[in-house]
Amino acid sequence: MSEETPVSCSKCSAVWQKCGTTNCWSGDPATAPPRPGNCPSASYGDVVTKTFNEYRGESEDARIAFVAARVEGLCYQPVPGSDAVNARWTRVEDTIAFAKLMGYARIGIATCIGMLDEAERLSAILRAQGFEAQSVCCKAGSIDKMELGLAESDKVRPNTFEPACNPIAQAEILNRQGTDMNIILGLCVGHDMLFNKHSRAPVTTLVVKDRVTGHNPVAVLYGQNFYYKRLQKQPVLKGDE
C-alpha cells in the first residue's frame with residue numbers, strides 16, 4: 001500500500017457550499033478559504049509545479065492543454081449586465097471545436113455494437129464539419145467469449161453465441177488508419193481502459209456506457225440519497241459470483 005499522503009478534494013464541496021469558492025479557485029491568498037486537510041495543493045505542490053511547467057513548452061501535451069483551455073473559454077458566453085455566464089456548446093460541439101483548433105483531420109470512433117446508430121450519426125456530423133471519420137465496432141472479428149476462458153454461465157445468454165469485445169483490436173485498427181484523435185462511444189468499463197492504453201492517438205470519451213440510466217451515470221450520484229441509497233448499504237458483489 002502506498003505511504004504517500006492521501007488526498008481528498010471532494011471534501012472541499014462543503015467549503016464551496018459555505019463560501020461559494022475554494023482555496024484553489026481563489027486568486028487572492030488573503031481572502032481565500034483555508035486549505036482543508038489532505039489538500040493536494042499543499043501536499044503535492046512540487047508535483048503541481050513540475051507538471052505545469054510541461055504546458056509551457058511546444059510538446060503535444062502543451063498544445064492539448066492550451067487548446068482545451070481555449071475551448072473551455074469559447075464554450076461560455078457572458079450574460080450582459082451580470083457576472084454570470086451561459087454555456088452554449090454541447091460535448092459534441094466541444095469535441096469538434098477542440099479537434100479543429102488542434103488541426104486534426106482524421107477522427108476515429110471506437111463504438112459499442114449497441115451504439116452503431118449513434119456512431120453513424122456522429123460520423124455524419126464529423127464529415128459535415130470537414131473531418132474524415134473512421135469507426136470500429138467492439139465486436140470486430142466476431143470471436144466467441146469462450147475463447148477468453150469464460151464459462152458458459154458467464155454469458156449474458158448462456159448456450160448461445162456471444163462475440164467478445166476486442167478493444168485492443170479497435171485501437172490497433174485505428175492506429176493503422178493513422179487517426180489524429182479517437183472518440184470512445186459507449187465502451188464497457190475495462191474495455192475503455194484497454195482502448196485508452198493501446199491507442200496511439202489521444203482519446204476522449206463522448207459516451208460512457210450505463211445500461212440502466214440511458215448512459216447517464218451521474219444520475220446515480222444525484223439520486224443516491226433516495227433511489228440509489230442501496231449503494232451505501234449493500235455490496236454490489238457478494239463474493240460468491
# chains A, B, ... in the order shown; residues from 1 in each chain; ligands from 1
>>> select_by_dssp(residues="region 90-146 of chain A", states="alpha helix (DSSP H)", output="ChimeraX atom specification")
/A:91-102,116-128
>>> residues_around(residues="region 61-71 of chain A", least_positions_apart="3", cutoff="10 Å", atoms="only C-alpha atoms", output="PyMOL selection string")
chain A and resi 52-58+74-76+89+93-102+202
>>> closest_residue(among="A:Ala119, A:Val203, A:Ile113, A:Ala128", to="Cys165 (chain A)", atoms="only C-alpha atoms")
A:Ile113
>>> residues_around(residues="Asp144 (chain A)", least_positions_apart="4", cutoff="6 Å", atoms="only C-alpha atoms", output="ChimeraX atom specification")
/A:162-164
>>> residues_around(residues="Val208 (chain A)", least_positions_apart="6", cutoff="8 Å", atoms="only C-alpha atoms", output="list in words")
Ile184, Leu185, Gly186, Leu187, Cys188, His215, Asn216 and Pro217 of chain A
>>> closest_residue(among="A:Cys39, A:Leu194, A:Leu206, A:Ala201", to="Leu174 (chain A)", atoms="only C-alpha atoms")
A:Ala201
>>> closest_residue(among="A:Gly130, A:Ser8, A:Asn175, A:Pro40", to="Gly103 (chain A)", atoms="only C-alpha atoms")
A:Gly130
>>> atom_distance(atom1="CA of Glu118 (chain A)", atom2="CA of Arg88 (chain A)")
22.0 Å
>>> atom_distance(atom1="CA of Ala84 (chain A)", atom2="CA of Leu221 (chain A)")
25.9 Å
>>> atom_distance(atom1="CA of Glu60 (chain A)", atom2="CA of Ala105 (chain A)")
15.8 Å
